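Shown next: start-v9.pdb, containing PDB, C-alpha atoms, pLDDT in the B column.
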ATOM      1  CA  MET A 435       0.000   0.000   0.000  1.00 48.00           C
ATOM      2  CA  SER A 436       2.176   2.801  -1.204  1.00 59.00           C
ATOM      3  CA  HIS A 437       1.679   6.518  -1.040  1.00 67.00           C
ATOM      4  CA  GLN A 438       1.260   6.503  -4.821  1.00 68.00           C
ATOM      5  CA  ASN A 439      -1.591   4.003  -4.552  1.00 71.00           C
ATOM      6  CA  ASP A 440      -3.314   6.215  -1.984  1.00 74.00           C
ATOM      7  CA  ASN A 441      -3.022   9.155  -4.352  1.00 79.00           C
ATOM      8  CA  ASP A 442      -4.485   7.059  -7.163  1.00 81.00           C
ATOM      9  CA  LEU A 443      -7.418   6.132  -4.956  1.00 82.00           C
ATOM     10  CA  ARG A 444      -7.982   9.755  -4.004  1.00 83.00           C
ATOM     11  CA  GLU A 445      -8.062  10.681  -7.673  1.00 85.00           C
ATOM     12  CA  LEU A 446     -10.511   7.878  -8.440  1.00 84.00           C
ATOM     13  CA  LEU A 447     -12.692   9.012  -5.582  1.00 87.00           C
ATOM     14  CA  LYS A 448     -12.828  12.526  -7.009  1.00 86.00           C
ATOM     15  CA  GLN A 449     -13.815  11.158 -10.400  1.00 85.00           C
ATOM     16  CA  SER A 450     -16.491   8.913  -8.909  1.00 87.00           C
ATOM     17  CA  ILE A 451     -17.976  11.449  -6.516  1.00 88.00           C
ATOM     18  CA  PRO A 452     -17.602  14.926  -7.994  1.00 86.00           C
ATOM     19  CA  ARG A 453     -17.772  18.096  -5.933  1.00 88.00           C
ATOM     20  CA  ALA A 454     -21.188  19.537  -5.258  1.00 84.00           C
ATOM     21  CA  ALA A 455     -21.423  22.638  -7.425  1.00 77.00           C
ATOM     22  CA  ASN A 456     -24.883  24.008  -6.830  1.00 77.00           C
ATOM     23  CA  THR A 457     -25.173  24.392  -3.099  1.00 81.00           C
ATOM     24  CA  GLY A 458     -27.548  27.355  -3.149  1.00 90.00           C
ATOM     25  CA  LEU A 459     -30.610  27.275  -0.942  1.00 91.00           C
ATOM     26  CA  ARG A 460     -33.725  27.164  -3.119  1.00 90.00           C
ATOM     27  CA  ARG A 461     -36.204  28.597  -0.629  1.00 93.00           C
ATOM     28  CA  ASP A 462     -36.500  30.423   2.637  1.00 95.00           C
ATOM     29  CA  LEU A 463     -36.600  27.939   5.514  1.00 96.00           C
ATOM     30  CA  TRP A 464     -37.933  30.350   8.138  1.00 95.00           C
ATOM     31  CA  PRO A 465     -41.557  29.073   7.851  1.00 95.00           C
ATOM     32  CA  GLN A 466     -40.313  25.535   8.626  1.00 94.00           C
ATOM     33  CA  MET A 467     -38.273  26.899  11.493  1.00 95.00           C
ATOM     34  CA  LEU A 468     -41.291  28.670  12.926  1.00 94.00           C
ATOM     35  CA  ALA A 469     -43.354  25.495  12.624  1.00 93.00           C
ATOM     36  CA  LYS A 470     -40.691  23.551  14.490  1.00 92.00           C
ATOM     37  CA  LEU A 471     -40.496  26.195  17.193  1.00 90.00           C
ATOM     38  CA  GLY A 472     -44.266  26.014  17.539  1.00 87.00           C
ATOM     39  CA  ASP A 473     -44.268  22.221  17.749  1.00 80.00           C
ATOM     40  CA  HIS A 474     -41.506  22.089  20.332  1.00 71.00           C
ATOM     41  CA  PRO A 475     -41.474  25.182  22.530  1.00 64.00           C
ATOM     42  CA  ALA A 476     -37.898  25.696  23.629  1.00 54.00           C
ATOM     43  CA  THR A 477     -38.788  27.270  26.935  1.00 57.00           C
ATOM     44  CA  PRO A 478     -37.205  25.230  29.710  1.00 57.00           C
ATOM     45  CA  ILE A 479     -39.496  23.806  32.379  1.00 59.00           C
ATOM     46  CA  ILE A 480     -39.360  26.139  35.384  1.00 68.00           C
ATOM     47  CA  VAL A 481     -40.368  24.743  38.769  1.00 73.00           C
ATOM     48  CA  PRO A 482     -41.451  27.506  41.195  1.00 78.00           C
ATOM     49  CA  TRP A 483     -39.531  27.743  44.475  1.00 84.00           C
ATOM     50  CA  PHE A 484     -42.601  26.904  46.581  1.00 83.00           C
ATOM     51  CA  ASP A 485     -42.975  23.591  44.742  1.00 87.00           C
ATOM     52  CA  TRP A 486     -39.409  22.724  45.720  1.00 89.00           C
ATOM     53  CA  LEU A 487     -40.256  23.737  49.301  1.00 90.00           C
ATOM     54  CA  LEU A 488     -43.335  21.507  49.324  1.00 91.00           C
ATOM     55  CA  ALA A 489     -41.338  18.591  47.938  1.00 92.00           C
ATOM     56  CA  ALA A 490     -38.669  19.115  50.601  1.00 93.00           C
ATOM     57  CA  LEU A 491     -41.272  19.258  53.395  1.00 92.00           C
ATOM     58  CA  ALA A 492     -42.960  16.111  52.128  1.00 90.00           C
ATOM     59  CA  GLY A 493     -39.602  14.324  51.952  1.00 91.00           C
ATOM     60  CA  ALA A 494     -38.695  15.460  55.455  1.00 92.00           C
ATOM     61  CA  ALA A 495     -42.085  14.310  56.794  1.00 89.00           C
ATOM     62  CA  LEU A 496     -41.535  10.832  55.351  1.00 89.00           C
ATOM     63  CA  ILE A 497     -38.058  10.645  56.871  1.00 91.00           C
ATOM     64  CA  PHE A 498     -39.010  11.909  60.353  1.00 91.00           C
ATOM     65  CA  PHE A 499     -42.444  10.243  60.519  1.00 89.00           C
ATOM     66  CA  PRO A 500     -42.104   6.961  58.588  1.00 88.00           C
ATOM     67  CA  GLY A 501     -45.264   5.722  60.272  1.00 88.00           C
ATOM     68  CA  VAL A 502     -47.349   7.797  57.829  1.00 85.00           C
ATOM     69  CA  ILE A 503     -46.076   5.794  54.843  1.00 87.00           C
ATOM     70  CA  PRO A 504     -48.478   2.802  55.311  1.00 87.00           C
ATOM     71  CA  ALA A 505     -51.345   5.229  55.844  1.00 84.00           C
ATOM     72  CA  LEU A 506     -50.489   7.074  52.628  1.00 83.00           C
ATOM     73  CA  LEU A 507     -50.126   3.806  50.727  1.00 84.00           C
ATOM     74  CA  TYR A 508     -53.498   2.684  52.046  1.00 83.00           C
ATOM     75  CA  HIS A 509     -55.166   5.806  50.675  1.00 77.00           C
ATOM     76  CA  PHE A 510     -53.429   5.508  47.296  1.00 71.00           C
TER
ATOM     77  CA  MET B 637     -28.460  45.779  22.967  1.00 68.00           C
ATOM     78  CA  GLN B 638     -26.640  44.076  20.109  1.00 90.00           C
ATOM     79  CA  LEU B 639     -28.214  41.380  17.940  1.00 91.00           C
ATOM     80  CA  LEU B 640     -26.186  38.519  19.443  1.00 93.00           C
ATOM     81  CA  GLU B 641     -26.925  39.688  22.972  1.00 92.00           C
ATOM     82  CA  ARG B 642     -30.618  39.858  22.189  1.00 93.00           C
ATOM     83  CA  PHE B 643     -30.468  36.372  20.693  1.00 93.00           C
ATOM     84  CA  ALA B 644     -28.699  34.987  23.763  1.00 92.00           C
ATOM     85  CA  ALA B 645     -31.387  36.596  25.909  1.00 91.00           C
ATOM     86  CA  GLY B 646     -34.054  34.700  23.970  1.00 90.00           C
ATOM     87  CA  ASP B 647     -35.341  37.416  21.623  1.00 92.00           C
ATOM     88  CA  LEU B 648     -37.161  35.628  18.770  1.00 93.00           C
ATOM     89  CA  ASP B 649     -36.768  38.596  16.394  1.00 94.00           C
ATOM     90  CA  ALA B 650     -33.024  38.483  16.890  1.00 94.00           C
ATOM     91  CA  PHE B 651     -33.057  34.760  16.227  1.00 95.00           C
ATOM     92  CA  GLU B 652     -35.017  35.325  13.018  1.00 95.00           C
ATOM     93  CA  ALA B 653     -32.499  37.941  11.892  1.00 95.00           C
ATOM     94  CA  LEU B 654     -29.627  35.531  12.546  1.00 96.00           C
ATOM     95  CA  PHE B 655     -31.502  32.710  10.839  1.00 97.00           C
ATOM     96  CA  ARG B 656     -31.990  34.805   7.708  1.00 96.00           C
ATOM     97  CA  GLN B 657     -28.362  35.921   7.729  1.00 95.00           C
ATOM     98  CA  HIS B 658     -26.892  32.440   8.106  1.00 96.00           C
ATOM     99  CA  GLN B 659     -29.333  29.905   6.683  1.00 96.00           C
ATOM    100  CA  LYS B 660     -27.673  29.885   3.253  1.00 96.00           C
ATOM    101  CA  ASP B 661     -24.197  29.273   4.654  1.00 96.00           C
ATOM    102  CA  VAL B 662     -25.411  26.566   7.001  1.00 97.00           C
ATOM    103  CA  TYR B 663     -27.348  24.856   4.203  1.00 96.00           C
ATOM    104  CA  ALA B 664     -24.392  25.066   1.790  1.00 96.00           C
ATOM    105  CA  TRP B 665     -22.129  23.447   4.369  1.00 96.00           C
ATOM    106  CA  ILE B 666     -24.553  20.648   5.220  1.00 96.00           C
ATOM    107  CA  VAL B 667     -25.485  19.828   1.634  1.00 95.00           C
ATOM    108  CA  ARG B 668     -21.847  19.214   0.819  1.00 94.00           C
ATOM    109  CA  ILE B 669     -21.699  16.644   3.614  1.00 95.00           C
ATOM    110  CA  VAL B 670     -24.995  14.823   3.116  1.00 93.00           C
ATOM    111  CA  ARG B 671     -25.270  15.525  -0.646  1.00 91.00           C
ATOM    112  CA  ASP B 672     -29.050  15.605  -0.689  1.00 91.00           C
ATOM    113  CA  SER B 673     -30.879  18.922  -0.896  1.00 92.00           C
ATOM    114  CA  SER B 674     -34.079  17.964   0.937  1.00 93.00           C
ATOM    115  CA  ILE B 675     -32.187  16.269   3.766  1.00 94.00           C
ATOM    116  CA  ALA B 676     -29.901  19.289   3.950  1.00 95.00           C
ATOM    117  CA  GLU B 677     -32.932  21.575   4.303  1.00 96.00           C
ATOM    118  CA  ASP B 678     -34.263  19.491   7.181  1.00 96.00           C
ATOM    119  CA  LEU B 679     -30.853  19.439   8.832  1.00 97.00           C
ATOM    120  CA  THR B 680     -30.543  23.207   8.432  1.00 97.00           C
ATOM    121  CA  VAL B 681     -33.767  23.644  10.383  1.00 97.00           C
ATOM    122  CA  GLU B 682     -32.564  21.072  12.924  1.00 96.00           C
ATOM    123  CA  THR B 683     -29.282  23.000  13.268  1.00 97.00           C
ATOM    124  CA  PHE B 684     -31.051  26.261  14.011  1.00 97.00           C
ATOM    125  CA  TRP B 685     -33.371  24.447  16.396  1.00 96.00           C
ATOM    126  CA  ARG B 686     -30.310  23.258  18.315  1.00 95.00           C
ATOM    127  CA  ILE B 687     -28.869  26.768  18.132  1.00 96.00           C
ATOM    128  CA  TYR B 688     -32.048  28.226  19.571  1.00 95.00           C
ATOM    129  CA  ARG B 689     -32.163  25.706  22.379  1.00 93.00           C
ATOM    130  CA  ALA B 690     -28.507  26.373  23.252  1.00 93.00           C
ATOM    131  CA  ARG B 691     -28.816  30.169  23.048  1.00 92.00           C
ATOM    132  CA  ALA B 692     -28.215  30.650  26.776  1.00 90.00           C
ATOM    133  CA  ARG B 693     -24.803  28.991  26.427  1.00 90.00           C
ATOM    134  CA  PHE B 694     -23.736  31.225  23.529  1.00 91.00           C
ATOM    135  CA  ASN B 695     -21.240  33.953  24.336  1.00 91.00           C
ATOM    136  CA  PRO B 696     -22.410  37.102  22.502  1.00 90.00           C
ATOM    137  CA  ALA B 697     -18.769  38.161  22.145  1.00 91.00           C
ATOM    138  CA  GLY B 698     -18.050  34.948  20.245  1.00 91.00           C
ATOM    139  CA  ASN B 699     -18.230  34.015  16.576  1.00 94.00           C
ATOM    140  CA  PHE B 700     -21.797  33.037  15.709  1.00 95.00           C
ATOM    141  CA  HIS B 701     -20.855  31.806  12.236  1.00 95.00           C
ATOM    142  CA  ALA B 702     -18.242  29.359  13.555  1.00 95.00           C
ATOM    143  CA  TRP B 703     -20.592  28.203  16.321  1.00 96.00           C
ATOM    144  CA  ALA B 704     -23.413  27.613  13.831  1.00 96.00           C
ATOM    145  CA  ARG B 705     -21.103  25.695  11.496  1.00 97.00           C
ATOM    146  CA  ARG B 706     -19.999  23.446  14.321  1.00 97.00           C
ATOM    147  CA  ILE B 707     -23.561  22.672  15.316  1.00 97.00           C
ATOM    148  CA  ALA B 708     -24.407  22.073  11.641  1.00 97.00           C
ATOM    149  CA  THR B 709     -21.489  19.644  11.352  1.00 97.00           C
ATOM    150  CA  ASN B 710     -22.693  17.751  14.409  1.00 97.00           C
ATOM    151  CA  ALA B 711     -26.231  17.601  13.017  1.00 97.00           C
ATOM    152  CA  ALA B 712     -24.920  16.244   9.698  1.00 97.00           C
ATOM    153  CA  LEU B 713     -22.701  13.754  11.525  1.00 96.00           C
ATOM    154  CA  ASP B 714     -25.653  12.542  13.591  1.00 96.00           C
ATOM    155  CA  TYR B 715     -27.565  12.046  10.371  1.00 96.00           C
ATOM    156  CA  LEU B 716     -24.716  10.060   8.776  1.00 95.00           C
ATOM    157  CA  ARG B 717     -24.443   7.902  11.905  1.00 93.00           C
ATOM    158  CA  ALA B 718     -28.153   7.186  12.014  1.00 91.00           C
ATOM    159  CA  ASN B 719     -28.356   6.382   8.304  1.00 85.00           C
ATOM    160  CA  ARG B 720     -24.996   4.826   7.568  1.00 73.00           C
ATOM    161  CA  ARG B 721     -26.262   1.868   5.559  1.00 61.00           C
ATOM    162  CA  GLU B 722     -29.029   3.791   3.860  1.00 55.00           C
ATOM    163  CA  THR B 723     -27.230   6.954   2.853  1.00 53.00           C
ATOM    164  CA  GLY B 724     -25.714   6.227  -0.465  1.00 57.00           C
ATOM    165  CA  LEU B 725     -24.628   9.212  -2.429  1.00 58.00           C
ATOM    166  CA  PRO B 726     -27.637  10.814  -4.069  1.00 56.00           C
ATOM    167  CA  GLU B 727     -26.918  12.709  -7.214  1.00 51.00           C
ATOM    168  CA  ASP B 728     -29.392  15.545  -6.980  1.00 51.00           C
ATOM    169  CA  ILE B 729     -26.555  17.995  -6.342  1.00 52.00           C
ATOM    170  CA  PRO B 730     -25.239  18.932  -9.776  1.00 54.00           C
ATOM    171  CA  SER B 731     -21.524  18.539 -10.237  1.00 54.00           C
ATOM    172  CA  PRO B 732     -19.406  20.974 -12.250  1.00 53.00           C
ATOM    173  CA  ALA B 733     -17.963  18.440 -14.656  1.00 55.00           C
ATOM    174  CA  GLN B 734     -18.683  14.968 -15.881  1.00 56.00           C
ATOM    175  CA  PRO B 735     -16.455  12.268 -14.410  1.00 56.00           C
ATOM    176  CA  ASP B 736     -13.573  10.999 -16.457  1.00 57.00           C
ATOM    177  CA  PRO B 737     -15.075   8.490 -18.951  1.00 59.00           C
ATOM    178  CA  ALA B 738     -12.002   6.332 -18.467  1.00 57.00           C
ATOM    179  CA  VAL B 739     -13.343   5.387 -15.076  1.00 57.00           C
ATOM    180  CA  GLN B 740     -15.768   2.613 -15.774  1.00 70.00           C
ATOM    181  CA  HIS B 741     -19.334   2.878 -14.591  1.00 78.00           C
ATOM    182  CA  GLU B 742     -19.093  -0.278 -12.497  1.00 80.00           C
ATOM    183  CA  SER B 743     -15.936   0.889 -10.767  1.00 81.00           C
ATOM    184  CA  ARG B 744     -17.545   4.228  -9.956  1.00 83.00           C
ATOM    185  CA  GLN B 745     -20.539   2.442  -8.507  1.00 85.00           C
ATOM    186  CA  LYS B 746     -18.301   0.305  -6.318  1.00 86.00           C
ATOM    187  CA  ILE B 747     -16.333   3.294  -5.121  1.00 89.00           C
ATOM    188  CA  ARG B 748     -19.524   5.152  -4.236  1.00 89.00           C
ATOM    189  CA  GLN B 749     -20.841   2.065  -2.487  1.00 89.00           C
ATOM    190  CA  ALA B 750     -17.611   1.593  -0.538  1.00 90.00           C
ATOM    191  CA  PHE B 751     -17.556   5.264   0.384  1.00 92.00           C
ATOM    192  CA  ALA B 752     -21.098   5.020   1.749  1.00 90.00           C
ATOM    193  CA  GLN B 753     -19.968   2.152   3.987  1.00 90.00           C
ATOM    194  CA  LEU B 754     -17.357   4.270   5.768  1.00 93.00           C
ATOM    195  CA  PRO B 755     -18.025   5.049   9.430  1.00 95.00           C
ATOM    196  CA  ALA B 756     -19.670   8.456   9.743  1.00 95.00           C
ATOM    197  CA  LYS B 757     -16.716  10.270  11.312  1.00 95.00           C
ATOM    198  CA  TYR B 758     -14.412   9.137   8.483  1.00 96.00           C
ATOM    199  CA  ARG B 759     -16.980   9.836   5.814  1.00 95.00           C
ATOM    200  CA  LEU B 760     -17.459  13.356   7.118  1.00 96.00           C
ATOM    201  CA  VAL B 761     -13.798  14.333   6.903  1.00 96.00           C
ATOM    202  CA  ALA B 762     -13.206  12.384   3.693  1.00 95.00           C
ATOM    203  CA  THR B 763     -16.120  14.119   1.971  1.00 95.00           C
ATOM    204  CA  LEU B 764     -14.954  17.552   2.998  1.00 95.00           C
ATOM    205  CA  ALA B 765     -11.235  16.989   2.485  1.00 95.00           C
ATOM    206  CA  LEU B 766     -11.031  14.690  -0.533  1.00 93.00           C
ATOM    207  CA  ILE B 767     -14.150  15.551  -2.496  1.00 93.00           C
ATOM    208  CA  GLU B 768     -14.844  19.152  -1.522  1.00 93.00           C
ATOM    209  CA  ASP B 769     -11.160  20.106  -1.124  1.00 91.00           C
ATOM    210  CA  GLU B 770     -11.722  21.967   2.118  1.00 94.00           C
ATOM    211  CA  PRO B 771      -8.594  22.787   4.120  1.00 95.00           C
ATOM    212  CA  TYR B 772      -7.911  20.597   7.137  1.00 96.00           C
ATOM    213  CA  GLU B 773      -8.011  23.588   9.483  1.00 96.00           C
ATOM    214  CA  LYS B 774     -11.497  24.553   8.374  1.00 96.00           C
ATOM    215  CA  ILE B 775     -12.761  20.977   8.770  1.00 97.00           C
ATOM    216  CA  ALA B 776     -11.097  20.743  12.177  1.00 97.00           C
ATOM    217  CA  GLU B 777     -12.787  23.906  13.400  1.00 96.00           C
ATOM    218  CA  ALA B 778     -16.175  22.756  12.152  1.00 96.00           C
ATOM    219  CA  ALA B 779     -15.833  19.268  13.631  1.00 96.00           C
ATOM    220  CA  GLY B 780     -14.333  20.440  16.906  1.00 95.00           C
ATOM    221  CA  ILE B 781     -11.176  18.353  16.520  1.00 96.00           C
ATOM    222  CA  SER B 782      -7.544  19.140  15.720  1.00 96.00           C
ATOM    223  CA  ALA B 783      -6.216  19.463  12.181  1.00 96.00           C
ATOM    224  CA  ALA B 784      -3.847  16.578  12.949  1.00 96.00           C
ATOM    225  CA  LEU B 785      -6.811  14.356  13.804  1.00 96.00           C
ATOM    226  CA  VAL B 786      -8.538  15.364  10.573  1.00 96.00           C
ATOM    227  CA  LYS B 787      -5.426  14.296   8.685  1.00 96.00           C
ATOM    228  CA  ILE B 788      -5.348  10.965  10.519  1.00 96.00           C
ATOM    229  CA  ARG B 789      -9.037  10.345   9.818  1.00 96.00           C
ATOM    230  CA  VAL B 790      -8.596  11.141   6.130  1.00 95.00           C
ATOM    231  CA  PHE B 791      -5.687   8.708   5.985  1.00 93.00           C
ATOM    232  CA  ARG B 792      -7.724   6.008   7.726  1.00 95.00           C
ATOM    233  CA  ALA B 793     -10.699   6.669   5.478  1.00 94.00           C
ATOM    234  CA  VAL B 794      -8.543   6.087   2.402  1.00 92.00           C
ATOM    235  CA  ARG B 795      -7.197   2.853   3.888  1.00 92.00           C
ATOM    236  CA  LEU B 796     -10.677   1.638   4.830  1.00 93.00           C
ATOM    237  CA  LEU B 797     -11.898   2.505   1.364  1.00 91.00           C
ATOM    238  CA  ARG B 798      -9.096   0.521  -0.217  1.00 90.00           C
ATOM    239  CA  LYS B 799      -9.857  -2.458   2.021  1.00 90.00           C
ATOM    240  CA  GLU B 800     -13.542  -2.316   1.140  1.00 88.00           C
ATOM    241  CA  LEU B 801     -12.787  -2.034  -2.578  1.00 88.00           C
ATOM    242  CA  THR B 802     -10.425  -4.987  -2.391  1.00 87.00           C
ATOM    243  CA  ALA B 803     -13.195  -6.994  -0.725  1.00 87.00           C
ATOM    244  CA  MET B 804     -15.492  -5.965  -3.564  1.00 82.00           C
ATOM    245  CA  GLY B 805     -13.012  -7.274  -6.089  1.00 80.00           C
ATOM    246  CA  LEU B 806     -11.658  -3.910  -7.193  1.00 73.00           C
ATOM    247  CA  GLY B 807      -8.088  -4.821  -6.328  1.00 63.00           C
ATOM    248  CA  SER B 808      -5.830  -2.334  -8.067  1.00 54.00           C
ATOM    249  CA  THR B 809      -7.173   1.152  -8.407  1.00 50.00           C
ATOM    250  CA  ARG B 810      -4.690   2.148 -11.112  1.00 47.00           C
ATOM    251  CA  THR B 811      -6.124   0.097 -13.896  1.00 39.00           C
ATOM    252  CA  LYS B 812      -9.775   0.996 -13.481  1.00 40.00           C
TER
END

As structure tokens - that is how I would like this structure written.
Amino acid sequence: MSHQNDNDLRELLKQSIPRAANTGLRRDLWPQMLAKLGDHPATPIIVPWFDWLLAALAGAALIFFPGVIPALLYHF
Amino acid sequence: MQLLERFAAGDLDAFEALFRQHQKDVYAWIVRIVRDSSIAEDLTVETFWRIYRARARFNPAGNFHAWARRIATNAALDYLRANRRETGLPEDIPSPAQPDPAVQHESRQKIRQAFAQLPAKYRLVATLALIEDEPYEKIAEAAGISAALVKIRVFRAVRLLRKELTAMGLGSTRTK
């Protein structure tokens, strides 16, 4: 596998797969972009601070009062 | 507030302005990698979708064009990875000149087939470096790797191509 052979292969590759000449965009893609933005809103999910507080209180209650777990399970 | 700052802050009008400024460049880059105009259009939209989602991480003092090209390269690479066996080399992108008639049709077919079998990361650099004649530095910047690694990948792509062609019965490339 010589360097010359590699060069030959490169040349063959160029002949077999020519460069793309016409790479101009044929239409404006903004309408598609808008549709995609509408389908998938990019706004990140924001959890309010009081929800985090409630989750923390609930977690703490389960840790400090594990006796409520069977009662909760019974009601669910 | 400057356009890039407004974009980073989530201003949709600023994003639209950037989209309109850069969509042609992004498309032109992607179509040379995937070589299919309709897929390139979809990937252009996908690129800007990723750009929009990552806007908070963009530094307004940075180079938007280079950032967009890198995201476009990743989107095209993801496409090549996901469609490795299916993505042959469509010919809807006109080429400037007809191939040398000395290269037989069957040999060309085999070369195209072998090229389509290359792993995506090799195919990406080989397409840009060997077919599109892009400089290694430009490919490296777009792919987020070093120019030395681009050179290594091009070398490996050529070797893999030769191996595949040998397996296909196209032993010596000189005589075809």

Specify as a list in words all residues of chain A found within 7 Å of chain B, counting all atoms listed in the file.
-> Asp440, Asp442, Leu443, Arg444, Leu447, Lys448, Gln449, Ser450, Ile451, Pro452, Arg453, Ala454, Ala455, Asn456, Thr457, Gly458, Leu459, Met467 and Ala476 of chain A

Selection export as a tab-separated table (two decimals), in the frame of the given file, atoms kept: C-alpha atoms:
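Below you can see result.tsv, which holds the result:
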chain	number	residue	atom	x	y	z
A	440	ASP	CA	-3.31	6.22	-1.98
A	442	ASP	CA	-4.49	7.06	-7.16
A	443	LEU	CA	-7.42	6.13	-4.96
A	444	ARG	CA	-7.98	9.76	-4.00
A	447	LEU	CA	-12.69	9.01	-5.58
A	448	LYS	CA	-12.83	12.53	-7.01
A	449	GLN	CA	-13.82	11.16	-10.40
A	450	SER	CA	-16.49	8.91	-8.91
A	451	ILE	CA	-17.98	11.45	-6.52
A	452	PRO	CA	-17.60	14.93	-7.99
A	453	ARG	CA	-17.77	18.10	-5.93
A	454	ALA	CA	-21.19	19.54	-5.26
A	455	ALA	CA	-21.42	22.64	-7.42
A	456	ASN	CA	-24.88	24.01	-6.83
A	457	THR	CA	-25.17	24.39	-3.10
A	458	GLY	CA	-27.55	27.36	-3.15
A	459	LEU	CA	-30.61	27.28	-0.94
A	467	MET	CA	-38.27	26.90	11.49
A	476	ALA	CA	-37.90	25.70	23.63

Residue among A:Gly472, A:Leu506, A:Gln466, A:Leu446 lying closest to Ala492 of chain A, counting only C-alpha atoms =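 When distances to Ala492 of chain A are compared using only C-alpha atoms, the smallest one comes from A:Leu506.
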
Once the PyMOL selection byres ((chain B and resi 701-718) around 6) has been applied to the shown file, what residues remain in the selection, as a ChimeraX atom specification?
-> /B:683,699-700,719-720,756,778-779

Kindly give the distance, in Å, that separates atom CA of Arg693 of chain B and atom CA of Asp647 of chain B, rounded to a single decimal.
-> 14.3 Å

What is the atom CA of Ala644 of chain B to atom CA of Ile775 of chain B distance in Å?
->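 Computed distance, atom CA of Ala644 of chain B to atom CA of Ile775 of chain B, equals 26.0 Å.
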
Could you check how far atom CA of Pro696 of chain B sits from atom CA of Trp464 of chain A, in Å to one decimal?
->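 That distance, rounded to one decimal, is 22.2 Å.
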